[in-house]
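Enquirer: Sending over my_file_2.txt (compact mmCIF, C-alpha atoms).
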# COMPACT_ATOMS: atom_id res chain seq x y z
CA MET A 1 -39.85 18.02 67.99
CA MET A 2 -40.05 17.96 64.22
CA CYS A 3 -36.26 18.36 63.87
CA ALA A 4 -35.69 14.85 65.21
CA ARG A 5 -36.67 13.28 61.91
CA PHE A 6 -33.79 15.12 60.24
CA ASN A 7 -31.14 13.88 62.66
CA ARG A 8 -29.91 11.11 60.40
CA ASP A 9 -30.14 13.19 57.25
CA LEU A 10 -28.08 15.95 58.84
CA GLU A 11 -25.10 13.61 59.15
CA SER A 12 -25.45 12.35 55.57
CA TYR A 13 -25.85 15.92 54.38
CA VAL A 14 -22.58 16.97 56.02
CA ASP A 15 -20.91 13.91 54.46
CA HIS A 16 -22.38 14.61 51.01
CA GLU A 17 -24.08 11.25 51.06
CA LEU A 18 -27.67 12.46 50.96
CA ASP A 19 -29.58 11.93 47.73
CA ALA A 20 -30.78 14.95 45.78
CA ASP A 21 -34.45 14.81 46.80
CA ALA A 22 -33.62 14.58 50.47
CA VAL A 23 -31.15 17.45 50.12
CA VAL A 24 -33.94 19.70 48.83
CA THR A 25 -36.24 18.71 51.71
CA LEU A 26 -33.51 19.22 54.28
CA GLU A 27 -32.37 22.58 52.90
CA THR A 28 -35.97 23.81 52.99
CA HIS A 29 -36.04 22.88 56.65
CA LEU A 30 -32.62 24.40 57.34
CA ALA A 31 -33.76 27.71 55.90
CA GLN A 32 -36.37 27.91 58.68
CA CYS A 33 -34.56 26.21 61.55
CA PRO A 34 -31.63 27.90 63.27
CA THR A 35 -31.13 24.91 65.57
CA CYS A 36 -30.52 22.50 62.71
CA ARG A 37 -28.40 25.09 60.89
CA ALA A 38 -26.21 25.28 63.99
CA ARG A 39 -25.97 21.49 64.09
CA VAL A 40 -24.77 21.41 60.49
CA ALA A 41 -22.28 24.22 61.14
CA GLU A 42 -20.96 22.43 64.22
CA ARG A 43 -20.40 19.22 62.30
CA GLU A 44 -18.70 20.96 59.44
CA ALA A 45 -16.44 22.85 61.87
CA LEU A 46 -15.63 19.60 63.64
CA GLY A 47 -14.60 18.03 60.33
CA ARG A 48 -12.31 20.97 59.56
CA LEU A 49 -10.78 20.78 63.03
CA ILE A 50 -10.10 17.06 62.71
CA ARG A 51 -8.48 17.56 59.33
CA SER A 52 -6.34 20.34 60.80
CA THR A 53 -4.75 17.92 63.25
CA ALA A 54 -1.71 17.35 61.07
CA TYR A 55 -1.49 14.01 59.36
CA HIS A 56 0.67 11.35 60.89
CA SER A 57 3.15 10.87 58.11
CA ALA A 58 4.62 7.47 57.46
CA PRO A 59 8.24 6.95 58.52
CA LEU A 60 10.73 7.46 55.74
CA GLY A 61 11.61 4.21 54.13
CA LEU A 62 8.42 2.35 55.06
CA ARG A 63 7.16 2.36 51.51
CA ALA A 64 10.57 1.45 50.14
CA SER A 65 10.92 -1.51 52.48
CA ILE A 66 7.49 -2.79 51.50
CA ALA A 67 8.28 -2.33 47.82
CA ALA A 68 11.46 -4.34 48.33
CA ARG A 69 9.52 -7.08 50.07
CA ALA A 70 6.99 -7.25 47.24
CA ALA A 71 9.81 -7.50 44.73
CA ARG A 72 11.38 -10.37 46.70
CA SER A 73 8.09 -12.21 46.87
CA THR A 74 8.56 -15.17 44.60
CA ALA A 75 5.70 -17.22 45.97
CA PRO A 76 3.70 -17.48 42.74
CA ARG A 77 6.73 -18.53 40.75
CA ARG A 78 7.66 -21.19 43.30
CA LEU A 79 4.14 -22.56 43.29
CA MET A 80 4.14 -22.75 39.51
CA LEU A 81 7.39 -24.69 39.56
CA TRP A 82 5.95 -26.99 42.14
CA ALA A 83 2.82 -27.53 40.10
CA ALA A 84 4.94 -28.28 37.05
CA ALA A 85 6.99 -30.81 39.01
CA ALA A 86 3.81 -32.39 40.32
CA ALA A 87 2.37 -32.64 36.82
CA LEU A 88 5.54 -34.46 35.79
CA VAL A 89 5.13 -36.94 38.63
CA VAL A 90 1.54 -37.56 37.60
CA SER A 91 2.43 -38.15 33.96
CA VAL A 92 5.37 -40.41 34.79
CA GLY A 93 3.34 -42.34 37.32
CA GLY A 94 0.49 -42.91 34.91
CA ALA A 95 -2.30 -43.94 37.23
CA VAL A 96 -0.89 -41.95 40.15
CA THR A 97 -3.20 -39.07 40.92
CA MET A 98 -2.00 -38.20 44.38
CA VAL A 99 1.31 -36.49 44.95
CA ARG A 100 3.31 -35.93 48.08
CA PHE A 101 3.75 -32.47 49.49
CA ALA A 102 7.18 -31.17 48.70
CA ASP A 103 7.46 -27.47 49.35
CA ALA A 104 8.95 -26.26 52.63
CA ARG A 105 6.16 -23.72 52.96
CA ASP A 106 3.69 -26.56 52.60
CA ALA A 107 5.39 -28.36 55.45
CA ALA A 108 4.83 -25.37 57.72
CA ILE A 109 1.19 -25.11 56.69
CA VAL A 110 0.66 -28.83 57.20
CA GLY A 111 1.76 -28.29 60.79
CA ASP A 112 -0.71 -25.43 61.17
CA VAL A 113 -3.53 -27.45 59.65
CA VAL A 114 -3.00 -30.30 62.08
CA ASP A 115 -2.53 -27.94 65.02
CA GLY A 116 -5.72 -26.11 64.10
CA HIS A 117 -7.61 -29.37 63.90
CA VAL A 118 -6.29 -30.63 67.23
CA ARG A 119 -6.94 -27.29 68.91
CA SER A 120 -10.51 -27.21 67.65
CA LEU A 121 -11.16 -30.62 69.20
CA MET A 122 -9.32 -30.13 72.49
CA ALA A 123 -10.20 -26.57 73.36
CA ASP A 124 -13.85 -27.28 72.68
CA HIS A 125 -13.82 -24.42 70.24
CA LEU A 126 -15.09 -26.21 67.21
CA PHE A 127 -17.62 -23.59 66.18
CA ASP A 128 -18.06 -19.86 66.03
CA VAL A 129 -21.25 -20.49 64.10
CA ARG A 130 -23.07 -23.74 64.70
CA SER A 131 -25.44 -24.63 61.94
CA THR A 132 -26.16 -27.41 59.51
CA ASP A 133 -27.43 -24.84 57.03
CA GLN A 134 -24.89 -23.76 54.44
CA HIS A 135 -26.96 -20.60 53.90
CA THR A 136 -26.31 -19.66 57.53
CA VAL A 137 -22.65 -20.61 57.61
CA LYS A 138 -21.59 -18.89 54.39
CA PRO A 139 -22.94 -15.40 55.22
CA TRP A 140 -21.49 -15.68 58.71
CA PHE A 141 -18.01 -15.33 57.18
CA LEU A 142 -18.96 -12.10 55.41
CA GLY A 143 -17.10 -9.19 56.91
CA LYS A 144 -14.84 -11.50 58.89
CA LEU A 145 -12.69 -12.53 55.96
CA ASP A 146 -11.77 -10.72 52.79
CA PHE A 147 -12.68 -13.74 50.70
CA ALA A 148 -15.79 -15.88 50.48
CA PRO A 149 -15.15 -19.55 51.25
CA PRO A 150 -17.24 -22.09 49.31
CA VAL A 151 -19.68 -23.70 51.73
CA VAL A 152 -21.43 -26.90 50.68
CA ASP A 153 -23.42 -29.32 52.78
CA LEU A 154 -22.65 -32.97 52.06
CA ALA A 155 -25.30 -34.49 54.33
CA ALA A 156 -26.76 -36.29 51.32
CA ILE A 157 -23.68 -38.49 51.10
CA GLY A 158 -23.20 -38.86 54.85
CA PHE A 159 -20.94 -35.88 55.67
CA PRO A 160 -23.23 -33.30 57.26
CA LEU A 161 -21.93 -29.75 57.65
CA VAL A 162 -22.15 -28.86 61.36
CA GLY A 163 -20.67 -25.37 61.56
CA GLY A 164 -17.79 -23.01 60.92
CA ARG A 165 -15.29 -20.82 62.68
CA LEU A 166 -12.51 -18.35 62.06
CA ASP A 167 -9.01 -19.77 62.28
CA TYR A 168 -5.48 -18.97 61.16
CA LEU A 169 -3.12 -20.72 58.78
CA ALA A 170 0.44 -19.48 58.45
CA GLY A 171 -0.53 -16.27 60.19
CA ARG A 172 -3.40 -15.36 57.92
CA PRO A 173 -7.11 -15.67 58.58
CA ALA A 174 -8.69 -18.85 57.30
CA ALA A 175 -12.24 -20.13 57.16
CA ALA A 176 -12.67 -23.43 58.96
CA LEU A 177 -15.70 -25.49 57.95
CA VAL A 178 -16.65 -28.37 60.20
CA TYR A 179 -18.15 -31.60 58.91
CA GLN A 180 -19.12 -34.73 60.78
CA ARG A 181 -18.86 -38.40 59.83
CA GLN A 182 -20.30 -40.49 62.63
CA GLN A 183 -18.02 -39.77 65.59
CA HIS A 184 -15.29 -38.22 63.42
CA THR A 185 -14.81 -34.53 62.88
CA ILE A 186 -13.48 -33.16 59.63
CA ASN A 187 -12.06 -29.65 59.52
CA VAL A 188 -11.81 -27.98 56.13
CA PHE A 189 -9.55 -24.92 56.12
CA VAL A 190 -9.99 -22.46 53.29
CA VAL A 191 -7.46 -19.74 52.40
CA PRO A 192 -7.09 -17.66 49.26
CA ASN A 193 -4.14 -18.59 47.08
CA ASP A 194 -2.17 -16.54 44.64
CA ALA A 195 -1.22 -19.38 42.33
CA ALA A 196 -2.34 -18.99 38.76
CA ALA A 197 -2.52 -22.74 38.15
CA ALA A 198 -4.73 -25.12 40.08
CA LEU A 199 -2.79 -27.14 42.62
CA PRO A 200 -2.83 -30.88 42.23
CA VAL A 201 -4.54 -32.89 44.93
CA GLY A 202 -2.13 -33.77 47.68
CA ASN A 203 -2.41 -36.23 50.53
CA ARG A 204 -0.46 -36.82 53.65
CA SER A 205 -0.69 -38.30 57.12
CA VAL A 206 0.66 -36.40 60.10
CA ARG A 207 0.50 -37.45 63.74
CA GLY A 208 -2.31 -39.83 62.98
CA PHE A 209 -4.39 -37.41 60.97
CA HIS A 210 -5.05 -37.64 57.28
CA LEU A 211 -4.88 -34.55 55.13
CA ARG A 212 -6.07 -33.66 51.68
CA ARG A 213 -5.24 -30.49 49.90
CA TRP A 214 -6.64 -29.11 46.67
CA SER A 215 -7.51 -25.80 45.11
CA ARG A 216 -10.44 -24.33 43.32
CA GLY A 217 -11.60 -20.85 42.37
CA GLY A 218 -8.57 -19.04 43.79
CA MET A 219 -8.79 -20.87 47.13
CA THR A 220 -6.68 -23.58 48.65
CA LEU A 221 -8.62 -26.07 50.74
CA TRP A 222 -7.23 -28.41 53.36
CA ALA A 223 -9.29 -31.25 54.79
CA VAL A 224 -8.00 -32.87 57.96
CA SER A 225 -9.48 -35.65 60.05
CA ASP A 226 -8.82 -38.85 61.86
CA LEU A 227 -11.29 -40.42 59.49
CA ASN A 228 -9.91 -43.33 57.49
CA ASP A 229 -8.14 -42.63 54.25
CA THR A 230 -10.78 -44.06 51.95
CA GLU A 231 -13.65 -42.11 53.42
CA LEU A 232 -11.64 -38.90 53.53
CA THR A 233 -10.82 -39.39 49.87
CA ALA A 234 -14.53 -39.76 49.08
CA PHE A 235 -15.26 -36.64 51.12
CA ALA A 236 -12.57 -34.58 49.40
CA ARG A 237 -13.71 -35.78 45.96
CA ALA A 238 -17.26 -34.70 46.72
CA LEU A 239 -16.08 -31.23 47.75
CA GLN A 240 -13.99 -30.91 44.61
CA GLU A 241 -16.97 -31.48 42.37
CA PRO A 242 -18.12 -28.28 40.76
CA MET B 1 3.20 -9.46 40.39
CA ALA B 2 5.59 -7.13 42.18
CA ARG B 3 5.04 -4.44 39.56
CA VAL B 4 1.24 -4.63 39.73
CA PHE B 5 1.43 -4.61 43.53
CA ALA B 6 3.68 -1.56 43.40
CA GLU B 7 1.24 0.24 41.15
CA THR B 8 -1.99 -0.55 42.97
CA VAL B 9 -1.11 -0.97 46.63
CA LEU B 10 2.07 0.97 47.36
CA PRO B 11 0.44 4.34 46.73
CA HIS B 12 -1.80 3.64 49.74
CA VAL B 13 0.94 2.77 52.20
CA ASP B 14 1.07 6.28 53.67
CA ALA B 15 -2.70 6.34 54.11
CA ALA B 16 -2.51 2.87 55.65
CA PHE B 17 0.08 4.16 58.12
CA ARG B 18 -2.12 7.13 59.06
CA TYR B 19 -5.06 4.84 59.65
CA ALA B 20 -2.93 2.38 61.63
CA ARG B 21 -1.53 5.27 63.65
CA TRP B 22 -5.03 6.27 64.72
CA LEU B 23 -5.84 2.67 65.61
CA THR B 24 -2.66 2.04 67.58
CA ARG B 25 -2.13 5.63 68.81
CA ASN B 26 1.56 4.93 68.69
CA ASP B 27 4.17 5.26 65.91
CA ALA B 28 6.10 2.06 66.54
CA ASP B 29 3.01 -0.15 66.68
CA ALA B 30 1.56 1.55 63.62
CA GLU B 31 4.70 0.80 61.64
CA ASP B 32 4.68 -2.85 62.74
CA VAL B 33 1.02 -3.21 61.86
CA VAL B 34 1.55 -1.74 58.39
CA GLN B 35 4.58 -3.95 57.77
CA ASP B 36 2.63 -7.07 58.78
CA ALA B 37 -0.43 -5.95 56.84
CA CYS B 38 1.63 -5.48 53.71
CA VAL B 39 3.13 -8.94 54.03
CA ARG B 40 -0.44 -10.23 54.10
CA ALA B 41 -1.42 -7.90 51.27
CA ILE B 42 1.34 -9.36 49.10
CA ARG B 43 0.04 -12.87 49.82
CA PHE B 44 -3.60 -11.89 49.45
CA PHE B 45 -2.96 -9.86 46.37
CA GLY B 46 -4.74 -12.36 44.15
CA SER B 47 -7.93 -11.79 46.12
CA LEU B 48 -8.08 -8.09 45.27
CA ARG B 49 -11.03 -8.23 42.88
CA ASP B 50 -12.35 -4.73 42.54
CA ASP B 51 -10.17 -1.73 42.04
CA ASP B 52 -10.59 -0.22 45.48
CA ALA B 53 -7.11 -1.09 46.65
CA ARG B 54 -7.19 1.50 49.42
CA ALA B 55 -10.27 0.17 51.22
CA TRP B 56 -8.89 -3.33 50.66
CA LEU B 57 -5.54 -2.44 52.24
CA PHE B 58 -7.27 -0.63 55.12
CA ALA B 59 -9.33 -3.74 55.83
CA ILE B 60 -6.14 -5.83 56.00
CA VAL B 61 -4.51 -3.24 58.29
CA ARG B 62 -7.56 -3.40 60.52
CA ASN B 63 -7.56 -7.22 60.61
CA THR B 64 -3.85 -7.22 61.39
CA TRP B 65 -4.36 -4.78 64.24
CA TYR B 66 -7.26 -6.71 65.70
CA THR B 67 -5.28 -9.93 65.48
CA ARG B 68 -2.43 -8.34 67.41
CA VAL B 69 -4.74 -6.84 69.99
CA SER B 70 -6.55 -10.11 70.57
CA ARG B 71 -3.19 -11.89 70.81
CA ARG B 72 -2.20 -9.46 73.52
CA ASP B 73 -5.50 -10.52 75.00
CA THR B 74 -6.93 -7.13 75.73
CA ALA B 75 -6.94 -3.63 74.35
CA ALA B 76 -5.99 -2.46 77.82
CA THR B 77 -2.39 -3.30 77.01
CA GLU B 78 -2.37 -0.88 74.08
CA ALA B 79 0.82 1.12 74.19
CA PRO B 80 0.27 4.61 75.55
CA PRO B 81 -0.22 7.32 72.95
CA ASN B 82 2.93 9.17 72.01
CA HIS B 83 2.93 12.81 71.09
CA ALA B 84 6.56 13.22 70.22
CA ARG B 85 6.02 14.98 66.95
CA ALA B 86 5.56 18.74 67.06
CA GLU B 87 2.89 20.09 64.77
CA PRO B 88 3.96 22.44 62.06
CA ALA B 89 2.09 25.65 62.70
CA ASP B 90 0.64 27.79 59.97
CA GLY B 91 3.40 30.29 59.17
CA ALA B 92 0.95 32.86 57.87
CA LEU B 93 -0.51 33.44 61.34
CA ASP B 94 0.84 35.90 63.87
CA PRO B 95 2.56 34.32 66.92
CA GLU B 96 -0.47 34.56 69.17
CA ALA B 97 -2.84 33.04 66.63
CA ARG B 98 -0.25 30.34 65.91
CA LEU B 99 -0.12 29.40 69.56
CA LEU B 100 -3.91 29.22 69.73
CA GLN B 101 -3.97 27.05 66.61
CA GLN B 102 -1.41 24.63 68.05
CA HIS B 103 -3.36 24.48 71.27
CA THR B 104 -6.58 23.65 69.42
CA VAL B 105 -4.91 20.99 67.30
CA VAL B 106 -3.57 19.19 70.36
CA ARG B 107 -6.98 19.34 72.08
CA VAL B 108 -8.80 17.96 69.06
CA ARG B 109 -6.30 15.22 68.47
CA THR B 110 -6.31 14.15 72.09
CA ALA B 111 -10.10 14.10 72.15
CA LEU B 112 -10.16 11.98 69.00
CA GLU B 113 -7.54 9.59 70.35
CA GLN B 114 -9.57 9.08 73.50
CA LEU B 115 -12.71 8.21 71.60
CA PRO B 116 -13.53 4.48 71.83
CA LEU B 117 -12.03 2.56 68.92
CA ASP B 118 -15.38 1.84 67.22
CA PHE B 119 -16.11 5.54 66.91
CA ARG B 120 -12.53 6.66 66.40
CA GLU B 121 -11.93 4.58 63.34
CA VAL B 122 -15.07 5.62 61.47
CA MET B 123 -14.36 9.26 62.29
CA VAL B 124 -10.80 8.94 60.96
CA LEU B 125 -11.85 7.05 57.84
CA ARG B 126 -14.53 9.62 57.10
CA GLU B 127 -13.03 12.94 58.17
CA ILE B 128 -9.34 12.39 57.52
CA GLU B 129 -9.22 9.78 54.79
CA GLY B 130 -12.45 10.94 53.16
CA LEU B 131 -13.86 7.46 52.56
CA ALA B 132 -17.50 7.11 51.48
CA TYR B 133 -19.95 5.30 53.78
CA LYS B 134 -19.84 2.30 51.45
CA GLU B 135 -16.05 2.11 51.60
CA ILE B 136 -15.98 2.47 55.37
CA ALA B 137 -18.53 -0.32 55.61
CA ALA B 138 -16.22 -2.51 53.52
CA VAL B 139 -13.20 -1.70 55.68
CA ILE B 140 -14.83 -2.39 59.02
CA GLY B 141 -17.00 -5.24 57.76
CA ALA B 142 -20.26 -3.74 59.01
CA PRO B 143 -23.46 -2.52 57.35
CA ILE B 144 -23.71 1.09 56.20
CA GLY B 145 -26.32 1.74 58.90
CA THR B 146 -23.73 0.87 61.53
CA VAL B 147 -21.21 3.21 59.92
CA MET B 148 -23.78 6.02 59.99
CA SER B 149 -24.81 5.53 63.58
CA ARG B 150 -21.19 5.26 64.75
CA LEU B 151 -20.33 8.45 62.91
CA ALA B 152 -23.30 10.27 64.42
CA ARG B 153 -22.46 9.07 67.92
CA GLY B 154 -18.75 9.72 67.46
CA ARG B 155 -19.48 13.29 66.42
CA GLU B 156 -21.82 13.81 69.36
CA ARG B 157 -19.21 12.58 71.79
CA LEU B 158 -16.40 14.58 70.28
CA LEU B 159 -18.49 17.74 70.16
CA ALA B 160 -19.47 17.28 73.78
CA VAL B 161 -15.84 16.88 74.86
CA LEU B 162 -14.60 19.82 72.84
CA LYS B 163 -17.45 22.10 73.84
CA ALA B 164 -16.64 21.42 77.46
CA GLU B 165 -12.97 22.22 76.88
CA MET B 166 -12.90 25.01 74.39
CA SER B 167 -14.60 28.26 73.78
CA MET B 168 -17.49 27.95 71.38
CA GLU B 169 -15.79 30.25 68.85
CA ALA B 170 -13.54 27.46 67.72
CA LEU B 171 -16.56 25.43 66.72
CA SER B 172 -18.52 28.02 64.84
Re-express the file's structure as structure tokens.
Expert:
Amino acid sequence: MMCARFNRDLESYVDHELDADAVVTLETHLAQCPTCRARVAEREALGRLIRSTAYHSAPLGLRASIAARAARSTAPRRLMLWAAAAALVVSVGGAVTMVRFADARDAAIVGDVVDGHVRSLMADHLFDVRSTDQHTVKPWFLGKLDFAPPVVDLAAIGFPLVGGRLDYLAGRPAAALVYQRQQHTINVFVVPNDAAAALPVGNRSVRGFHLRRWSRGGMTLWAVSDLNDTELTAFARALQEP
Amino acid sequence: MARVFAETVLPHVDAAFRYARWLTRNDADAEDVVQDACVRAIRFFGSLRDDDARAWLFAIVRNTWYTRVSRRDTAATEAPPNHARAEPADGALDPEARLLQQHTVVRVRTALEQLPLDFREVMVLREIEGLAYKEIAAVIGAPIGTVMSRLARGRERLLAVLKAEMSMEALS
């Protein structure tokens, strides 16, 4: 039946998403085809019916409570203070480039980073996407996260990218990139940050794992591994290079 | 930051609740989802690049809902739909017509609520919230072609259900 080729256009037509040329073609057809006219009428009537099912209105006070929460949110300011304190440590220390984590929120995230790393190794759920190709791993995150994590392969310097997965840090979705160094696995967690200033590089050891944290391009990155400190430092430095 | 957030995101909280309500089919869950989503939205606020704060907030609402559902392990444990709220009828109609209108509204809403989630959410985003294909695609993280085919199939299903239940007059 010749109408079949208009099936898709009928929907777009009802939704006002059909381009002008196609509208002309379709309307010419509609003028001659009662079946398709009825299909359009049905869809338009359905839309009106759905809109007539009264809106669910938000509970009173929902917006106010969210507004209050936003006003209380002092996260950026606290991060700035922390960055300023860290900068002071660096300048006082002279050659010291690493700083200790200080913030209480950091402490919670450190726990999550290590837990995420351990879970990925124990539950045998290291990958959602297994690929050594950064051009496969990066697009895989599209539509799964509302940010685009930087994905770089470091095989050239002995840290091949082996895959990625979706994870959570402090209750929000995070990209986890998985790298390999001989028998050691390195997880790199990426989350967006709302700090205006770049965070200084931080290092820490927790439950036998070494961590590095840094930020770039509006993202905070955490590398965690049982790899030795020196090699992890080399790895983190390579990822920090623009 | 709070002021910018208030200006760009807060205006969409009611719409976010409506969308969440259609996802959860339940007032209490919808409110929780929107609360959680807004906590994330405040944190994520720096990642809002373009000016489409509504689609952005909807996407976070959706992620929050899916996270909760997967935490509960299965959608089968979704709370049952509640229909506590009476619909305001159109005062201009005579009593008989008003009754018929209320009856139709309940039928349509029930049919929409029983549509599988994949179809339900694109129908709601399109027909109730009036989002463009491109915006819906951004919210659900799928290509526009997927949005179009889900809309087409959602409409087919809904029409089939309603045609079986109601007289054809209501649909013409």
Enquirer: Could you state the separation of CA of Arg69 in chain A and CA of Val110 in chain A in Å, given to one decimal place?
Expert: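 A separation of 24.5 Å between them.
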Enquirer: Identify which of the residues A:Gly164, A:Gly171, A:Gly61, A:Pro150 lies closest to Val129 in chain A, counting all atoms listed in the file when measuring atom-to-atom distances.
Expert: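 Distance minimum relative to Val129 in chain A lands on A:Gly164.
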Enquirer: Give me the residues near Val9 in chain B as a VMD selection string, where near means some atom within 12 Å (using all atoms listed in the file) and where sequence neighbours in that chain fewer than 2 positions away do not count.
Expert: (chain A and resid 63 66 to 67 70) or (chain B and resid 1 to 7 11 to 16 37 to 42 44 to 45 48 51 to 58 60)
Enquirer: I need the chosen residues saved as a JSON list (two decimals), in the frame of the given file, with C-alpha atoms.
Expert:
[["chain", "number", "residue", "atom", "x", "y", "z"],
["A", 63, "ARG", "CA", 7.16, 2.36, 51.51],
["A", 66, "ILE", "CA", 7.49, -2.79, 51.50],
["A", 67, "ALA", "CA", 8.28, -2.33, 47.82],
["A", 70, "ALA", "CA", 6.99, -7.25, 47.24],
["B", 1, "MET", "CA", 3.20, -9.46, 40.39],
["B", 2, "ALA", "CA", 5.59, -7.13, 42.18],
["B", 3, "ARG", "CA", 5.04, -4.44, 39.56],
["B", 4, "VAL", "CA", 1.24, -4.63, 39.73],
["B", 5, "PHE", "CA", 1.43, -4.61, 43.53],
["B", 6, "ALA", "CA", 3.68, -1.56, 43.40],
["B", 7, "GLU", "CA", 1.24, 0.24, 41.15],
["B", 11, "PRO", "CA", 0.44, 4.34, 46.73],
["B", 12, "HIS", "CA", -1.80, 3.64, 49.74],
["B", 13, "VAL", "CA", 0.94, 2.77, 52.20],
["B", 14, "ASP", "CA", 1.07, 6.28, 53.67],
["B", 15, "ALA", "CA", -2.70, 6.34, 54.11],
["B", 16, "ALA", "CA", -2.51, 2.87, 55.65],
["B", 37, "ALA", "CA", -0.43, -5.95, 56.84],
["B", 38, "CYS", "CA", 1.63, -5.48, 53.71],
["B", 39, "VAL", "CA", 3.13, -8.94, 54.03],
["B", 40, "ARG", "CA", -0.44, -10.23, 54.10],
["B", 41, "ALA", "CA", -1.42, -7.90, 51.27],
["B", 42, "ILE", "CA", 1.34, -9.36, 49.10],
["B", 44, "PHE", "CA", -3.60, -11.89, 49.45],
["B", 45, "PHE", "CA", -2.96, -9.86, 46.37],
["B", 48, "LEU", "CA", -8.08, -8.09, 45.27],
["B", 51, "ASP", "CA", -10.17, -1.73, 42.04],
["B", 52, "ASP", "CA", -10.59, -0.22, 45.48],
["B", 53, "ALA", "CA", -7.11, -1.09, 46.65],
["B", 54, "ARG", "CA", -7.19, 1.50, 49.42],
["B", 55, "ALA", "CA", -10.27, 0.17, 51.22],
["B", 56, "TRP", "CA", -8.89, -3.33, 50.66],
["B", 57, "LEU", "CA", -5.54, -2.44, 52.24],
["B", 58, "PHE", "CA", -7.27, -0.63, 55.12],
["B", 60, "ILE", "CA", -6.14, -5.83, 56.00]]
Enquirer: Set the cut-off to 7 Å and count only C-alpha atoms: what are the residues of chain A that reach chain B? Output as a PDB file with C-alpha atoms, in the coordinates of the input.
Expert:
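Result file is out_23.pdb:
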ATOM      1  CA  GLU A  11     -25.100  13.610  59.150  1.00  0.00           C
ATOM      2  CA  ALA A  41     -22.280  24.220  61.140  1.00  0.00           C
ATOM      3  CA  GLU A  42     -20.960  22.430  64.220  1.00  0.00           C
ATOM      4  CA  ALA A  45     -16.440  22.850  61.870  1.00  0.00           C
ATOM      5  CA  LEU A  46     -15.630  19.600  63.640  1.00  0.00           C
ATOM      6  CA  GLY A  47     -14.600  18.030  60.330  1.00  0.00           C
ATOM      7  CA  LEU A  49     -10.780  20.780  63.030  1.00  0.00           C
ATOM      8  CA  ILE A  50     -10.100  17.060  62.710  1.00  0.00           C
ATOM      9  CA  ARG A  51      -8.480  17.560  59.330  1.00  0.00           C
ATOM     10  CA  SER A  52      -6.340  20.340  60.800  1.00  0.00           C
ATOM     11  CA  THR A  53      -4.750  17.920  63.250  1.00  0.00           C
ATOM     12  CA  ALA A  54      -1.710  17.350  61.070  1.00  0.00           C
ATOM     13  CA  TYR A  55      -1.490  14.010  59.360  1.00  0.00           C
ATOM     14  CA  HIS A  56       0.670  11.350  60.890  1.00  0.00           C
ATOM     15  CA  SER A  57       3.150  10.870  58.110  1.00  0.00           C
ATOM     16  CA  ALA A  58       4.620   7.470  57.460  1.00  0.00           C
ATOM     17  CA  ARG A  63       7.160   2.360  51.510  1.00  0.00           C
ATOM     18  CA  ILE A  66       7.490  -2.790  51.500  1.00  0.00           C
ATOM     19  CA  ALA A  67       8.280  -2.330  47.820  1.00  0.00           C
ATOM     20  CA  ALA A  70       6.990  -7.250  47.240  1.00  0.00           C
ATOM     21  CA  ALA A  71       9.810  -7.500  44.730  1.00  0.00           C
ATOM     22  CA  GLY A 143     -17.100  -9.190  56.910  1.00  0.00           C
ATOM     23  CA  LYS A 144     -14.840 -11.500  58.890  1.00  0.00           C
ATOM     24  CA  PHE A 147     -12.680 -13.740  50.700  1.00  0.00           C
ATOM     25  CA  PRO A 192      -7.090 -17.660  49.260  1.00  0.00           C
ATOM     26  CA  ASN A 193      -4.140 -18.590  47.080  1.00  0.00           C
ATOM     27  CA  ASP A 194      -2.170 -16.540  44.640  1.00  0.00           C
TER      28      ASP A 194
END
Enquirer: What's the separation between CA of Thr132 in chain A and CA of Ala170 in chain A, in Å to one decimal place?
Expert: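 Those two atoms sit 27.8 Å apart.
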Enquirer: Using all atoms listed in the file for the distances, tell me which of A:Arg8, A:Arg43, A:His29, A:Arg130 is nearest to Tyr179 in chain A.
Expert: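 Of all the options, A:Arg130 lies closest to Tyr179 in chain A.
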Enquirer: What's around Asp128 in chain A at 8 Å? Count only C-alpha atoms, leave out sequence neighbours fewer than 4 positions away in its own chain, and write the answer as a PDB file with C-alpha atoms, in the coordinates of the input.
Expert:
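File produced: selection-v8.pdb:
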ATOM      1  CA  GLY A 163     -20.670 -25.370  61.560  1.00  0.00           C
ATOM      2  CA  GLY A 164     -17.790 -23.010  60.920  1.00  0.00           C
ATOM      3  CA  ARG A 165     -15.290 -20.820  62.680  1.00  0.00           C
ATOM      4  CA  LEU A 166     -12.510 -18.350  62.060  1.00  0.00           C
TER       5      LEU A 166
END
Enquirer: Taking all atoms listed in the file into account, name the residue in A:Phe235, A:Phe159, A:Phe127, A:Phe209 that is nearest to Gln182 in chain A.
Expert: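 Checking each of A:Phe235, A:Phe159, A:Phe127, A:Phe209 against Gln182 in chain A, counting all atoms listed in the file, the winner is A:Phe159.
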Enquirer: CA of Asn228 in chain A to CA of Gln180 in chain A: how many Å, to one decimal?
Expert: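 Computing it gives 13.0 Å between the two atoms.
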Enquirer: Pick out the closest residue to Leu30 in chain A from this set: A:Leu211, A:Cys3, A:Ala238, A:Ala68. Count only C-alpha atoms.
Expert: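 When distances to Leu30 in chain A are compared using only C-alpha atoms, the smallest one comes from A:Cys3.
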Enquirer: Can you tell me which residues surround range 230-234 of chain A at a distance of at most 10 Å, considering only C-alpha atoms, apart from same-chain residues fewer than 6 positions away, and format the answer as a list in words?
Expert: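 Non-adjacent residues within range: Ile157, Phe159, Arg181, Ile186, Asn203, His210, Leu211, Arg212, Ala223, Val224 and Gln240 of chain A.
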Enquirer: Smallest atom-to-atom distance to Ala174 in chain A: which of A:Asp112, A:Asp226, A:Glu241, A:Glu17, using all atoms listed in the file?
Expert: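 Going through A:Asp112, A:Asp226, A:Glu241, A:Glu17 one by one, the smallest distance to Ala174 in chain A is for A:Asp112.
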